[in-house]
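S.K.: The following file, coords_0.cif, comprises mmCIF, C-alpha atoms:
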data_run
loop_
_atom_site.label_atom_id
_atom_site.label_comp_id
_atom_site.auth_asym_id
_atom_site.auth_seq_id
_atom_site.Cartn_x
_atom_site.Cartn_y
_atom_site.Cartn_z
CA PHE A 1 23.14 48.42 18.56
CA TRP A 2 20.16 45.96 18.31
CA LEU A 3 16.89 46.25 20.16
CA LYS A 4 15.10 43.05 21.11
CA PRO A 5 11.47 43.26 19.88
CA SER A 6 8.87 43.44 22.59
CA ARG A 7 6.76 40.35 23.29
CA ARG A 8 3.67 42.16 22.11
CA ARG A 9 5.35 43.15 18.82
CA PHE A 10 6.60 39.58 18.32
CA SER A 11 3.15 38.08 18.87
CA ARG A 12 1.74 40.36 16.20
CA LEU A 13 4.41 39.26 13.77
CA ALA A 14 3.79 35.61 14.58
CA ALA A 15 0.02 35.74 14.11
CA ARG A 16 -0.55 35.27 10.39
CA PRO A 17 -3.86 36.30 8.91
CA SER A 18 -6.09 33.74 7.21
CA PRO A 19 -5.57 33.36 3.46
CA PRO A 20 -7.61 35.85 1.40
CA GLY A 21 -11.11 34.54 0.83
CA ALA A 22 -10.74 31.59 3.22
CA GLU A 23 -12.90 33.16 5.93
CA SER A 24 -15.52 34.21 3.38
CA ALA A 25 -15.58 30.70 1.88
CA MET A 26 -16.14 29.15 5.32
CA ILE A 27 -19.00 31.56 6.07
CA ASN A 28 -20.65 30.64 2.75
CA ALA A 29 -20.08 26.93 3.42
CA ARG A 30 -21.81 27.20 6.80
CA LYS A 31 -24.93 28.41 5.01
CA LYS A 32 -25.19 24.83 3.74
CA ILE A 33 -25.90 23.66 7.32
CA LEU A 34 -29.39 23.96 8.78
CA LYS A 35 -29.34 23.38 12.54
CA GLU A 36 -31.69 24.24 15.38
CA LYS A 37 -31.09 27.67 16.84
CA GLY A 38 -28.13 27.64 19.22
CA VAL A 39 -26.81 24.23 18.09
CA ALA A 40 -23.27 24.49 16.74
CA PRO A 41 -22.26 22.30 13.77
CA THR A 42 -19.67 19.58 14.32
CA ASP A 43 -16.32 19.50 12.53
CA LEU A 44 -17.62 16.75 10.26
CA GLU A 45 -20.74 18.76 9.37
CA GLU A 46 -18.56 21.75 8.48
CA GLU A 47 -16.38 19.48 6.34
CA VAL A 48 -19.45 18.13 4.52
CA ALA A 49 -20.81 21.66 4.04
CA LYS A 50 -17.47 22.81 2.59
CA ALA A 51 -17.45 19.85 0.19
CA LEU A 52 -20.95 20.79 -1.02
CA PHE A 53 -19.96 24.43 -1.39
CA ASP A 54 -16.84 23.44 -3.37
CA ILE A 55 -19.05 21.50 -5.81
CA GLU A 56 -21.42 24.47 -6.04
CA VAL A 57 -18.64 26.90 -7.05
CA THR A 58 -16.75 24.54 -9.38
CA PRO A 59 -17.27 25.93 -12.91
CA SER A 60 -16.94 22.50 -14.56
CA SER A 61 -19.50 20.78 -12.29
CA ASP A 62 -22.68 19.75 -14.09
CA ILE A 63 -24.66 19.65 -10.84
CA LYS A 64 -23.56 22.98 -9.33
CA ALA A 65 -26.94 24.63 -10.02
CA ASP A 66 -28.79 21.81 -8.24
CA VAL A 67 -26.38 21.81 -5.28
CA ARG A 68 -27.18 25.49 -4.75
CA ASP A 69 -30.61 24.45 -3.41
CA ILE A 70 -29.20 21.79 -1.07
CA CYS A 71 -28.24 22.03 2.59
CA ILE A 72 -27.67 19.45 5.31
CA SER A 73 -29.22 19.00 8.75
CA GLY A 74 -26.51 16.76 10.16
CA ALA A 75 -23.70 14.29 9.50
CA GLN A 76 -22.11 11.38 11.35
CA GLU A 77 -19.35 8.86 10.77
CA LEU A 78 -19.75 5.12 11.22
CA ASP A 79 -16.61 3.04 11.62
CA MET A 80 -16.78 -0.47 10.23
CA LYS A 81 -14.22 -3.26 10.02
CA THR A 82 -12.71 -2.29 6.67
CA ARG A 83 -14.09 1.16 5.96
CA THR A 84 -15.75 4.27 7.35
CA ALA A 85 -19.15 5.48 6.19
CA VAL A 86 -20.24 9.11 6.20
CA ILE A 87 -23.99 9.42 6.82
CA ILE A 88 -25.33 12.78 5.65
CA HIS A 89 -28.79 13.90 6.78
CA PHE A 90 -30.86 16.34 4.70
CA PRO A 91 -33.98 18.31 5.68
CA TYR A 92 -36.99 16.52 4.22
CA ARG A 93 -38.22 19.63 2.40
CA ILE A 94 -35.13 19.69 0.15
CA TRP A 95 -34.94 15.88 -0.30
CA LYS A 96 -36.52 16.19 -3.75
CA HIS A 97 -33.49 18.22 -4.88
CA VAL A 98 -31.13 15.55 -3.53
CA ARG A 99 -33.01 12.73 -5.27
CA LYS A 100 -32.75 14.57 -8.57
CA ILE A 101 -28.93 14.26 -8.58
CA HIS A 102 -28.52 11.47 -6.01
CA GLY A 103 -26.09 9.23 -7.89
CA ARG A 104 -23.91 12.03 -9.23
CA LEU A 105 -23.77 13.80 -5.87
CA VAL A 106 -22.75 10.58 -4.08
CA ARG A 107 -19.89 10.16 -6.57
CA GLU A 108 -18.70 13.73 -6.07
CA MET A 109 -18.89 13.49 -2.27
CA GLU A 110 -16.99 10.19 -2.24
CA LYS A 111 -14.21 11.93 -4.17
CA LYS A 112 -14.09 14.53 -1.40
CA PHE A 113 -14.13 11.85 1.33
CA SER A 114 -11.57 9.48 -0.13
CA LYS A 115 -11.93 5.78 0.74
CA LYS A 116 -15.20 6.40 2.57
CA HIS A 117 -18.71 5.37 1.55
CA VAL A 118 -21.25 8.20 1.57
CA VAL A 119 -24.92 7.56 2.35
CA PHE A 120 -27.73 10.15 2.12
CA ILE A 121 -30.71 10.08 4.50
CA ALA A 122 -33.78 12.35 4.60
CA GLN A 123 -34.64 13.75 8.03
CA ARG A 124 -38.08 12.43 8.93
CA THR A 125 -40.18 12.96 12.05
CA MET A 126 -41.85 10.01 13.75
CA LEU A 127 -45.04 10.44 15.77
CA ASP A 128 -45.70 8.04 18.65
CA LYS A 129 -49.14 6.89 19.81
CA ASN A 130 -49.57 10.07 21.84
CA PHE A 131 -49.92 12.15 18.65
CA LYS A 132 -53.31 13.51 19.78
CA ARG A 133 -51.57 15.45 22.52
CA LYS A 134 -49.86 17.38 19.75
CA GLY A 135 -53.19 18.48 18.32
CA LEU A 136 -53.45 15.87 15.54
CA GLN A 137 -56.62 13.86 15.06
CA VAL A 138 -55.08 11.31 12.74
CA ARG A 139 -51.49 10.12 12.63
CA PRO A 140 -50.22 10.16 9.03
CA ARG A 141 -48.97 6.72 8.01
CA SER A 142 -45.74 8.31 6.78
CA ARG A 143 -44.98 9.35 10.38
CA THR A 144 -45.28 5.86 11.92
CA LEU A 145 -42.19 3.95 13.03
CA THR A 146 -42.72 1.27 10.39
CA ALA A 147 -43.13 3.78 7.56
CA VAL A 148 -40.08 5.82 8.58
CA HIS A 149 -37.92 2.68 8.80
CA GLU A 150 -39.14 1.59 5.36
CA ALA A 151 -38.25 5.01 3.97
CA ILE A 152 -34.78 4.88 5.59
CA LEU A 153 -34.26 1.50 3.93
CA GLU A 154 -34.96 3.04 0.53
CA ASP A 155 -32.70 6.02 1.31
CA VAL A 156 -29.78 3.78 2.31
CA VAL A 157 -29.68 1.88 -0.99
CA ALA A 158 -30.54 4.84 -3.26
CA PRO A 159 -30.12 5.45 -6.12
CA SER A 160 -30.48 1.66 -6.39
CA GLU A 161 -33.98 0.22 -6.02
CA ILE A 162 -35.39 -2.56 -3.85
CA ALA A 163 -36.83 -5.49 -5.83
CA GLY A 164 -38.09 -7.57 -2.89
CA LYS A 165 -37.98 -8.21 0.87
CA ARG A 166 -38.10 -11.26 3.09
CA THR A 167 -37.92 -11.62 6.84
CA ARG A 168 -36.09 -14.56 8.38
CA ILE A 169 -36.89 -15.41 12.02
CA GLY A 170 -34.21 -17.28 14.00
CA VAL A 171 -34.84 -19.96 16.60
CA ASP A 172 -34.15 -17.34 19.26
CA GLY A 173 -36.88 -15.09 17.84
CA SER A 174 -34.47 -12.63 16.24
CA LYS A 175 -35.47 -11.14 12.90
CA VAL A 176 -33.23 -10.47 9.92
CA MET A 177 -34.57 -8.84 6.78
CA LYS A 178 -33.24 -9.98 3.45
CA ILE A 179 -33.37 -7.10 0.99
CA MET A 180 -33.07 -7.98 -2.69
CA LEU A 181 -31.86 -5.16 -4.89
CA ASP A 182 -32.75 -4.66 -8.53
CA PRO A 183 -30.32 -6.77 -10.66
CA LYS A 184 -29.90 -3.92 -13.14
CA ASP A 185 -28.03 -1.96 -10.43
CA LYS A 186 -25.45 -4.69 -9.82
CA ASP A 187 -22.68 -3.03 -11.84
CA LYS A 188 -23.76 0.53 -11.13
CA GLU A 189 -22.30 3.00 -8.60
CA ASN A 190 -20.09 0.31 -7.03
CA VAL A 191 -23.22 -1.01 -5.32
CA GLU A 192 -22.01 -4.57 -4.74
CA ALA A 193 -19.02 -3.32 -2.74
CA LYS A 194 -21.38 -1.31 -0.51
CA MET A 195 -23.58 -4.19 0.71
CA SER A 196 -21.95 -4.38 4.15
CA THR A 197 -22.12 -0.57 4.43
CA PHE A 198 -25.87 -0.64 3.75
CA SER A 199 -26.35 -3.20 6.53
CA ALA A 200 -24.23 -1.27 9.04
CA VAL A 201 -25.89 2.08 8.32
CA TYR A 202 -29.42 0.64 8.51
CA LYS A 203 -28.56 -1.06 11.81
CA LYS A 204 -27.14 2.20 13.17
CA LEU A 205 -30.24 4.22 12.25
CA THR A 206 -32.99 1.72 13.11
CA ASN A 207 -31.36 -0.93 15.34
CA LYS A 208 -32.66 -3.56 12.89
CA GLU A 209 -30.70 -6.28 11.11
CA ALA A 210 -30.81 -6.33 7.32
CA GLN A 211 -28.90 -8.30 4.72
CA PHE A 212 -28.61 -6.86 1.21
CA VAL A 213 -28.22 -9.14 -1.80
CA PHE A 214 -28.84 -9.35 -5.51
CA PRO A 215 -31.27 -12.10 -6.44
CA THR A 216 -29.68 -15.16 -8.04
CA ALA A 217 -30.97 -16.45 -11.33
#
Take the structure in the file and write it out as C-alpha cells.
M.R.:
Amino acid sequence: FWLKPSRRRFSRLAARPSPPGAESAMINARKKILKEKGVAPTDLEEEVAKALFDIEVTPSSDIKADVRDICISGAQELDMKTRTAVIIHFPYRIWKHVRKIHGRLVREMEKKFSKKHVVFIAQRTMLDKNFKRKGLQVRPRSRTLTAVHEAILEDVVAPSEIAGKRTRIGVDGSKVMKIMLDPKDKDKENVEAKMSTFSAVYKKLTNKEAQFVFPTA
C-alpha cells in the first residue's frame, strides 16, 4: 500500500536550501556597495561586489587588506565591437585606497570578469553655474565640468599616465582630443590593447571624442 505524498509535502522536499555560508557571503558582499537609501543594487553591481569580497577573503591575495577599505557606488557594462567593458564607480572618499592598488586590483578584477576590460572611475560631483543657490560663495575648480572631465580622463587610463594632449578641430567644427600616453607604459598592463576601450568609455561618460596613442619617436 503506497500513499502519494501531498502537494505541500512535495514542495517542501523540492525546495532545497541555499548552500551553507552562501547567504552569509552574499550579505557580506553587499556591504561593498554604497547606494543611496532605497536604491537597490543591480545584478552587475552585486557581481562586482562579490568579486571584491572574494579578493578580500582570499588568504593568498596580497591586496586583501587594502580591498577591505574599498566599496563601490555603481557599475555599468559597455558593449563594444569586439569586447565588453565593465565600468566600476567608486565613492570619491575611498578613491585614495583604490589608487594605492589600482593596477593590481584591475588585474584581479579582469580575472573575475574574463575577456572583459575593467575601468575604475571616481564618483565626482559637478556644480553648475547656479552653485550660489546651494549656499556656496565660490565654485571649487575641481567641481567644474572641465575639471571633472579632465579627472575622468586620468581615471580612464590609470594606472598609466598622460604625457600630452592635443585637440583637433574638423572642418565641420567637431573636436577630437588626441591623448598621448607615457611611453614607459606601452608594455605594461596590456595598455596598448585597451586604447579603443579608453575611447569608448570616455565617450560614454563625457560624450566627448578622444583618441589614445603612444607618441612616436
S.K.: Given all atoms listed in the file as the basis, pick out the residue of A:Ser160, A:Ser142, A:Thr84, A:Ser174 nearest to Phe214 of chain A.
M.R.: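 Checking each candidate against Phe214 of chain A, we get A:Ser160 as the closest.
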S.K.: Could you list the residues chosen by the PyMOL selection byres ((chain A and resi 44-56) around 8) in this structure as a list in words?
M.R.: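 For this structure, the PyMOL selection byres ((chain A and resi 44-56) around 8) resolves to Met26, Asn28, Ala29, Arg30, Lys31, Lys32, Ile33, Pro41, Thr42, Asp43, Val57, Thr58, Ser61, Ile63, Lys64, Ala65, Val67, Arg68, Cys71, Ile72, Gly74, Ala75, Gln76, Glu108, Met109 and Lys112 of chain A.
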S.K.: Could those residues be written to a file, using C-alpha atoms, as an mmCIF file, in the frame of the given file?
M.R.:
data_model
loop_
_atom_site.group_PDB
_atom_site.id
_atom_site.type_symbol
_atom_site.label_atom_id
_atom_site.label_comp_id
_atom_site.auth_asym_id
_atom_site.auth_seq_id
_atom_site.Cartn_x
_atom_site.Cartn_y
_atom_site.Cartn_z
ATOM 1 C CA MET A 26 -16.140 29.150 5.320
ATOM 2 C CA ASN A 28 -20.650 30.640 2.750
ATOM 3 C CA ALA A 29 -20.080 26.930 3.420
ATOM 4 C CA ARG A 30 -21.810 27.200 6.800
ATOM 5 C CA LYS A 31 -24.930 28.410 5.010
ATOM 6 C CA LYS A 32 -25.190 24.830 3.740
ATOM 7 C CA ILE A 33 -25.900 23.660 7.320
ATOM 8 C CA PRO A 41 -22.260 22.300 13.770
ATOM 9 C CA THR A 42 -19.670 19.580 14.320
ATOM 10 C CA ASP A 43 -16.320 19.500 12.530
ATOM 11 C CA VAL A 57 -18.640 26.900 -7.050
ATOM 12 C CA THR A 58 -16.750 24.540 -9.380
ATOM 13 C CA SER A 61 -19.500 20.780 -12.290
ATOM 14 C CA ILE A 63 -24.660 19.650 -10.840
ATOM 15 C CA LYS A 64 -23.560 22.980 -9.330
ATOM 16 C CA ALA A 65 -26.940 24.630 -10.020
ATOM 17 C CA VAL A 67 -26.380 21.810 -5.280
ATOM 18 C CA ARG A 68 -27.180 25.490 -4.750
ATOM 19 C CA CYS A 71 -28.240 22.030 2.590
ATOM 20 C CA ILE A 72 -27.670 19.450 5.310
ATOM 21 C CA GLY A 74 -26.510 16.760 10.160
ATOM 22 C CA ALA A 75 -23.700 14.290 9.500
ATOM 23 C CA GLN A 76 -22.110 11.380 11.350
ATOM 24 C CA GLU A 108 -18.700 13.730 -6.070
ATOM 25 C CA MET A 109 -18.890 13.490 -2.270
ATOM 26 C CA LYS A 112 -14.090 14.530 -1.400
#
S.K.: What is the atom CA of Lys175 of chain A to atom CA of Asn207 of chain A distance in Å?
M.R.: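 One can read the atom CA of Lys175 of chain A to atom CA of Asn207 of chain A distance as 11.3 Å.
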S.K.: How many Å lie between atom CA of Glu192 of chain A and atom CA of Phe212 of chain A, rounded to one decimal?
M.R.: 9.2 Å
S.K.: Counting all atoms listed in the file, which of A:Val118, A:Leu34, A:Ile27, A:Met126 gets nearest to Gly103 of chain A?
M.R.: A:Val118
S.K.: Written as a ChimeraX atom specification, which residues does the PyMOL selection byres ((chain A and resi 106) around 9) give for the file shown?
M.R.: /A:101-105,107-111,117-120,189
S.K.: May I ask for the distance between atom CA of Asp182 of chain A and atom CA of Val148 of chain A, given in Å to one decimal place?
M.R.: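 The value is 21.4 Å.
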S.K.: Mind telling me what the PyMOL selection byres ((chain A and resi 93) around 12) catches here, as JSON, numbers by chain?
M.R.: {"A": [34, 69, 70, 71, 72, 73, 89, 90, 91, 92, 94, 95, 96, 97, 98, 99, 122, 123, 124, 125]}
S.K.: Would you export the selected residues with C-alpha atoms as an mmCIF file, in the coordinates of the input, please?
M.R.:
data_model
loop_
_atom_site.group_PDB
_atom_site.id
_atom_site.type_symbol
_atom_site.label_atom_id
_atom_site.label_comp_id
_atom_site.auth_asym_id
_atom_site.auth_seq_id
_atom_site.Cartn_x
_atom_site.Cartn_y
_atom_site.Cartn_z
ATOM 1 C CA LEU A 34 -29.390 23.960 8.780
ATOM 2 C CA ASP A 69 -30.610 24.450 -3.410
ATOM 3 C CA ILE A 70 -29.200 21.790 -1.070
ATOM 4 C CA CYS A 71 -28.240 22.030 2.590
ATOM 5 C CA ILE A 72 -27.670 19.450 5.310
ATOM 6 C CA SER A 73 -29.220 19.000 8.750
ATOM 7 C CA HIS A 89 -28.790 13.900 6.780
ATOM 8 C CA PHE A 90 -30.860 16.340 4.700
ATOM 9 C CA PRO A 91 -33.980 18.310 5.680
ATOM 10 C CA TYR A 92 -36.990 16.520 4.220
ATOM 11 C CA ILE A 94 -35.130 19.690 0.150
ATOM 12 C CA TRP A 95 -34.940 15.880 -0.300
ATOM 13 C CA LYS A 96 -36.520 16.190 -3.750
ATOM 14 C CA HIS A 97 -33.490 18.220 -4.880
ATOM 15 C CA VAL A 98 -31.130 15.550 -3.530
ATOM 16 C CA ARG A 99 -33.010 12.730 -5.270
ATOM 17 C CA ALA A 122 -33.780 12.350 4.600
ATOM 18 C CA GLN A 123 -34.640 13.750 8.030
ATOM 19 C CA ARG A 124 -38.080 12.430 8.930
ATOM 20 C CA THR A 125 -40.180 12.960 12.050
#
S.K.: For segment 96-111 of chain A, I'd like the enclosing box, axis-aligned and padded by 3 Å on every side, reported as lines of an AutoDock Vina configuration file with centre and edge lengths in Å to one decimal.
M.R.:
center_x = -25.4
center_y = 13.7
center_z = -5.7
size_x = 28.3
size_y = 15.0
size_z = 13.0
S.K.: Please write as a list in words the list of polymer residues whose atoms come within 8 Å of (-26.6, -6.2, 2.3), counting only C-alpha atoms and keeping to the coordinates of the file.
M.R.: Lys178, Ile179, Lys194, Met195, Ser196, Thr197, Phe198, Ser199, Ala210, Gln211, Phe212 and Val213 of chain A
S.K.: Identify which of the residues A:Lys115, A:Lys203, A:Asp187, A:Glu209 lies closest to Gly170 of chain A, counting all atoms listed in the file when measuring atom-to-atom distances.
M.R.: A:Glu209
S.K.: A:Glu161, A:Glu77, A:Asp66, A:Glu150: which is nearest Pro183 of chain A, counting all atoms listed in the file?
M.R.: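 Closest candidate: A:Glu161.
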